[in-house]
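This report concerns only the one structure given below.
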Amino acid sequence: MDLTLETILDEMKRQIDKWAAYISDKDADQIVKRTSLQVGIHDYALLEYANGRTNVSDNNLDFTVPGAAARRGNSAETLTEEQVRERIVPELAAYIGQTLDALTPALIDYHFTFTGKFRTREGEVRVRIYEYVNETKKKQLLERISFYIEKKLEAGKYPTKPLETFFLSRHLLDERLFPNMDVGRIISLFEKIQQVNKGNKHLAEHRNYLTVALRNWAEDQWLPRYFDQAGTQFQKQYKKKSEAWLENTEQGPIELIIYAAILILKYEPSYSRTTGLAMLDCAIELGSARAKRLTVEGSGTYAKEDVCFRDEVAECTANDVFAEVTLVIKRETEESYGRALWFLTRLLSLGFPKSYQIKLKSGLKQGLPIKGLAKSGTHRFFAQALEYPNLHPLLEEYARAAMEPFEWYADTEGEKNCMPGSYAVFGLGLADRAYFPLVEDYMGKIDAEHQSVQNHFTVALAERHGVNAETIPTLVKCMLHSTDSMKLKIKADMEDDTHLRVLLEQVRGLQSYEVAHINYLIWGGTDKLKKMAAKEEGDRRQRLSELLQLAGHQ
């Protein structure tokens, strides 16, 4: 072996040692104790060599166009393809095997793959250097998966941990663990996970883990069997292989592709929509009639009369795959909006996804008098329906059917996120104090960590109805579920003696941090309230001091 090759190999081994030292700098035993569904941490490593430099990492991302690097040779490179395949790969395989044997067992998963990417004189060479499967760990993991499914999911009635969903979803799609994939059972278990976590603040996290697992399986395992992939890791395009075909296009893994597309389209952000549609297009190209039907008619879960209604004043159609409802208002009348509201309310009562959006076709472009709301068809529809007082009871009925913690209208993102039912509740709350109980119920359901539009509504509510004995209880409820960034200008009103008494009645019994939050929104902080209290005397000073005490400040 010549000296140059020896030097290169020594550097590669040094980088493997460096990687092993890096991953060893953690308490692997404690990490895998978090859940019974994890038996190891690392399952992949990549060695890259180019221009005399070597790097070893866990990175599996590829930003290159497939085939491009392989077509470009470089005469300045030291290595040849023959040296890589005949000399380097065998020696590195033996070395990585010895390295793994010396590591803490919990660091390595039941399987491990070590791959190489080498720049040579002839072009880029990609090769699997070493693959390892620990049969003892594999058997143990399969037993744990079976136990978890039986005890936690199939017999379970309580929310599960997102970390458990993270690992279970990947295990069920791992063909090393389950070579004969039971697609029906996988979909059933994924649905069960969502069912037991419904109404839980971690539901979106569970769904995201399910969706990512399905997407990874589709892009890494299933789609490459039938399609050539072009583009980059984040801009993939698929071209059907000339010889690709399926014996049965309505059963097996293709159903999992369709299920993955549905989850992406229903629950992932709008920028992921192209990925979901691409998966459906691939299924259609392979001959799936169901995939084609889904894009037009939806999943078929609902009777045709429940997802399609039309008469001379309105036309309503719903597609649960896209989580979209199309409303065509043929005449701008109370009757038109009433029929559309009836359609929506019934649809939600039948289980239609609450994280949906409305595609509105109307001659009007009206919105609620509240800043910071999304300019969308969903917003416009409810703002326009609210113009008809006779429809207000029906709007409340819709709102109560739509409100669901940790769900959001699909055409809102970021700071404009809002729980289903928001526009109806906001409009009714501004229109009539009779709907204050509805407003308070709504506030009790929202997730202030992921939604802030209630700030803008609360400001508008105070401006519309003022600050008085009747409005303070509802304003307190709104403030409790608003964020510190809200600009609520009611300080002068709240300093009225009568209003202070009512405020105290409302905050007694709250947690100290909740009272502190309300004090901050009204007076701008504890220090300002202290200074004001110090200037007062008698009952007024006593009331302000009590507000401070309730907030945990003397």
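Following the order of the structure tokens, chains are lettered A, B, ..., residues in each are numbered from 1, and ligands are numbered from 1.
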
Return as a Markdown table the residues of range 271-381 of chain A lying at most 10 Å from range 220-231 of chain A, together with the closest atom-to-atom pair for each and the distance in Å to one decimal, counting only C-alpha atoms, with rows in chain order and ascending residue number.
```
| residue | atom | partner | partner_atom | distance |
| --- | --- | --- | --- | --- |
| A:Met279 | CA | A:Leu223 | CA | 8.7 |
| A:Cys282 | CA | A:Leu223 | CA | 8.2 |
| A:Ala283 | CA | A:Leu223 | CA | 9.6 |
| A:Leu286 | CA | A:Tyr226 | CA | 8.4 |
```

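By only C-alpha atoms, and with residues fewer than 3 positions from Cys478 in chain A along its chain excluded, the set lying at most 10 Å from it is A:Val439, A:Glu440, A:Tyr442, A:Met443, A:Gly444, A:Gln454, A:Asn455, A:Phe457, A:Thr458, A:Val459, A:Leu461, A:Ile472, A:Pro473, A:Thr474, A:Leu475, A:His481, A:Ser482, A:Thr483, A:Ile518.
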
Item to complete: as a VMD selection string, please: all residues of range 152-211 of chain A that backbone DSSP puts in helix (DSSP H, G or I).
Response: chain A and resid 152 to 154 162 to 172 183 to 196 203 to 211

Worksheet entry | Interatomic distance, CA of Asp320 in chain A to CA of Leu341 in chain A (Å, one decimal) | 17.3 Å

Discussion item. With only C-alpha atoms as the counted atoms, please give the residues lying no more than 9 Å from range 490-507 of chain A, apart from itself and same-chain residues fewer than 3 positions off, as a ChimeraX atom specification.
Written reply: /A:462,466-469,472-473,476,510-511,514-515,518,521-524,539-540,543-544,546-547,550

Please tabulate, as a tab-separated table, the residues of range 331-359 of chain A that come within 12 Å of range 413-418 of chain A, each with its closest pair of atoms and the distance in Å to one decimal, counting only C-alpha atoms and ordering rows by chain, then residue number upward.
```
residue	atom	partner	partner_atom	distance
A:Lys354	CA	A:Cys418	CA	11.6
A:Ser355	CA	A:Cys418	CA	9.8
A:Tyr356	CA	A:Cys418	CA	11.4
A:Gln357	CA	A:Cys418	CA	11.5
```

Saved selection, atoms kept: C-alpha atoms, as a compact mmCIF listing (two decimals), in the first residue's frame:
```txt
# COMPACT_ATOMS: atom_id res chain seq x y z
CA LYS A 354 -62.19 21.53 12.35
CA SER A 355 -58.84 22.80 11.09
CA TYR A 356 -60.43 23.69 7.77
CA GLN A 357 -60.73 26.77 5.56
```

Discussion item. Using only C-alpha atoms, can you tell me which of A:Ser349, A:Thr412, A:Thr7, A:Thr160 comes closest to His379 in chain A?
Written reply: A:Thr412

Item to complete: Find the residues around Leu344 in chain A up to 9 Å (only C-alpha atoms counted), leave out those fewer than 5 positions away in its own chain, and share them as an MDAnalysis selection string.
Response: chainID A and resid 316 325 339 349 398

Give me a file of those residues, with all heavy atoms, as a PDB file, in the first residue's frame.
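again_23.pdb written:
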```pdb
ATOM      1  N   CYS A 316     -72.759  24.939  -1.756  1.00  0.00           N
ATOM      2  CA  CYS A 316     -71.774  24.562  -0.742  1.00  0.00           C
ATOM      3  C   CYS A 316     -71.216  23.176  -1.060  1.00  0.00           C
ATOM      4  O   CYS A 316     -71.975  22.224  -1.245  1.00  0.00           O
ATOM      5  CB  CYS A 316     -72.417  24.508   0.650  1.00  0.00           C
ATOM      6  SG  CYS A 316     -73.436  25.933   1.069  1.00  0.00           S
ATOM      7  N   VAL A 325     -63.858  23.988   2.416  1.00  0.00           N
ATOM      8  CA  VAL A 325     -65.271  24.134   2.100  1.00  0.00           C
ATOM      9  C   VAL A 325     -65.396  25.292   1.123  1.00  0.00           C
ATOM     10  O   VAL A 325     -64.910  26.395   1.396  1.00  0.00           O
ATOM     11  CB  VAL A 325     -66.117  24.421   3.357  1.00  0.00           C
ATOM     12  CG1 VAL A 325     -67.572  24.657   2.974  1.00  0.00           C
ATOM     13  CG2 VAL A 325     -66.016  23.266   4.353  1.00  0.00           C
ATOM     14  N   ARG A 339     -78.261  29.433   4.931  1.00  0.00           N
ATOM     15  CA  ARG A 339     -78.118  28.072   4.423  1.00  0.00           C
ATOM     16  C   ARG A 339     -76.656  27.608   4.481  1.00  0.00           C
ATOM     17  O   ARG A 339     -76.378  26.448   4.768  1.00  0.00           O
ATOM     18  CB  ARG A 339     -78.659  27.988   3.003  1.00  0.00           C
ATOM     19  CG  ARG A 339     -80.170  28.172   2.967  1.00  0.00           C
ATOM     20  CD  ARG A 339     -80.781  27.983   1.616  1.00  0.00           C
ATOM     21  NE  ARG A 339     -82.213  28.250   1.675  1.00  0.00           N
ATOM     22  CZ  ARG A 339     -83.036  28.188   0.637  1.00  0.00           C
ATOM     23  NH1 ARG A 339     -82.554  27.850  -0.557  1.00  0.00           N
ATOM     24  NH2 ARG A 339     -84.320  28.446   0.771  1.00  0.00           N
ATOM     25  N   SER A 349     -70.588  18.812  12.870  1.00  0.00           N
ATOM     26  CA  SER A 349     -71.200  17.848  13.789  1.00  0.00           C
ATOM     27  C   SER A 349     -70.995  16.413  13.320  1.00  0.00           C
ATOM     28  O   SER A 349     -71.058  15.471  14.120  1.00  0.00           O
ATOM     29  CB  SER A 349     -72.705  18.131  13.935  1.00  0.00           C
ATOM     30  OG  SER A 349     -73.421  17.771  12.755  1.00  0.00           O
ATOM     31  N   TYR A 398     -72.990  27.596  15.382  1.00  0.00           N
ATOM     32  CA  TYR A 398     -71.805  27.210  14.620  1.00  0.00           C
ATOM     33  C   TYR A 398     -70.549  27.315  15.482  1.00  0.00           C
ATOM     34  O   TYR A 398     -69.714  26.400  15.505  1.00  0.00           O
ATOM     35  CB  TYR A 398     -71.634  28.093  13.377  1.00  0.00           C
ATOM     36  CG  TYR A 398     -70.230  27.999  12.831  1.00  0.00           C
ATOM     37  CD1 TYR A 398     -69.844  26.934  12.025  1.00  0.00           C
ATOM     38  CD2 TYR A 398     -69.254  28.937  13.194  1.00  0.00           C
ATOM     39  CE1 TYR A 398     -68.530  26.805  11.583  1.00  0.00           C
ATOM     40  CE2 TYR A 398     -67.936  28.802  12.757  1.00  0.00           C
ATOM     41  CZ  TYR A 398     -67.585  27.741  11.962  1.00  0.00           C
ATOM     42  OH  TYR A 398     -66.292  27.602  11.545  1.00  0.00           O
TER      43      TYR A 398
END
```

What's around Ala318 in chain A at 8 Å? Count only C-alpha atoms, leave out sequence neighbours fewer than 4 positions away in its own chain, and write the answer as a short mmCIF file (atom, residue, chain, number, x, y, z; two decimals) with C-alpha atoms, in the first residue's frame.
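Contents of the output file part23.cif:
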```
data_model
loop_
_atom_site.label_atom_id
_atom_site.label_comp_id
_atom_site.auth_asym_id
_atom_site.auth_seq_id
_atom_site.Cartn_x
_atom_site.Cartn_y
_atom_site.Cartn_z
CA GLY A 298 -62.89 13.84 -0.80
CA VAL A 307 -70.78 17.47 1.50
CA CYS A 308 -72.68 18.96 -1.41
CA ALA A 323 -60.00 20.31 4.62
CA GLU A 324 -61.71 22.90 2.43
CA VAL A 325 -65.27 24.13 2.10
CA THR A 326 -66.23 26.09 -0.99
#
```

Residue contacts of range 168-170 of chain A (7 Å, only C-alpha atoms) excluding same-chain residues fewer than 3 positions away, as a CSV table (one decimal) with all heavy atoms, in the first residue's frame:
```csv
chain,number,residue,atom,x,y,z
A,37,LEU,N,-39.6,2.7,24.1
A,37,LEU,CA,-39.6,2.5,22.6
A,37,LEU,C,-38.3,2.9,22.0
A,37,LEU,O,-38.1,2.9,20.8
A,37,LEU,CB,-40.7,3.3,22.0
A,37,LEU,CG,-42.1,2.8,22.4
A,37,LEU,CD1,-43.2,3.7,21.8
A,37,LEU,CD2,-42.4,1.4,22.1
A,164,GLU,N,-43.3,9.1,22.7
A,164,GLU,CA,-43.7,7.8,22.3
A,164,GLU,C,-44.2,7.7,20.9
A,164,GLU,O,-43.9,6.8,20.2
A,164,GLU,CB,-44.7,7.3,23.3
A,164,GLU,CG,-44.2,7.2,24.7
A,164,GLU,CD,-45.3,7.0,25.8
A,164,GLU,OE1,-46.5,7.2,25.4
A,164,GLU,OE2,-45.0,6.6,26.9
A,165,THR,N,-44.9,8.7,20.5
A,165,THR,CA,-45.4,8.8,19.1
A,165,THR,C,-44.3,8.9,18.1
A,165,THR,O,-44.3,8.3,17.1
A,165,THR,CB,-46.4,9.9,18.9
A,165,THR,OG1,-47.6,9.6,19.8
A,165,THR,CG2,-46.9,10.1,17.5
A,173,LEU,N,-43.1,1.9,10.6
A,173,LEU,CA,-42.8,2.0,9.2
A,173,LEU,C,-41.4,1.5,8.8
A,173,LEU,O,-40.9,1.7,7.7
A,173,LEU,CB,-42.9,3.5,8.8
A,173,LEU,CG,-44.2,4.1,8.9
A,173,LEU,CD1,-44.2,5.7,8.8
A,173,LEU,CD2,-45.2,3.6,7.9
A,174,ASP,N,-40.7,0.9,9.8
A,174,ASP,CA,-39.4,0.4,9.6
A,174,ASP,C,-39.5,-1.1,9.0
A,174,ASP,O,-39.9,-2.0,9.7
A,174,ASP,CB,-38.6,0.4,10.9
A,174,ASP,CG,-37.2,-0.1,10.8
A,174,ASP,OD1,-36.8,-0.6,9.8
A,174,ASP,OD2,-36.4,0.2,11.8
A,210,LEU,N,-46.3,12.0,13.3
A,210,LEU,CA,-46.9,10.9,12.4
A,210,LEU,C,-46.6,11.3,11.0
A,210,LEU,O,-46.2,10.5,10.1
A,210,LEU,CB,-48.4,10.8,12.6
A,210,LEU,CG,-48.9,10.3,14.0
A,210,LEU,CD1,-50.4,10.4,14.1
A,210,LEU,CD2,-48.3,8.9,14.3
A,213,ALA,N,-42.9,11.0,9.9
A,213,ALA,CA,-42.5,9.6,9.8
A,213,ALA,C,-43.0,9.1,8.4
A,213,ALA,O,-42.3,8.4,7.7
A,213,ALA,CB,-43.0,8.8,10.9
```

Item to complete: Provide the CA of Leu529 in chain A to CA of Ser485 in chain A distance in Å, to one decimal place.
Response: 18.2 Å

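For range 364-372 of chain A, the list of residues within 7 Å, based on only C-alpha atoms and with local chain neighbours fewer than 5 positions off taken out, reads A:His379, A:Arg380, A:Ala383, A:Gln384, A:Lys416, A:Gly427, A:Val453, A:His456, A:Phe457, A:Ala460.
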
Fill in: Pairwise distance for CA of Ala434 in chain A and CA of Met479 in chain A, rounded to one decimal in Å
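That distance, rounded to one decimal, is 19.2 Å.
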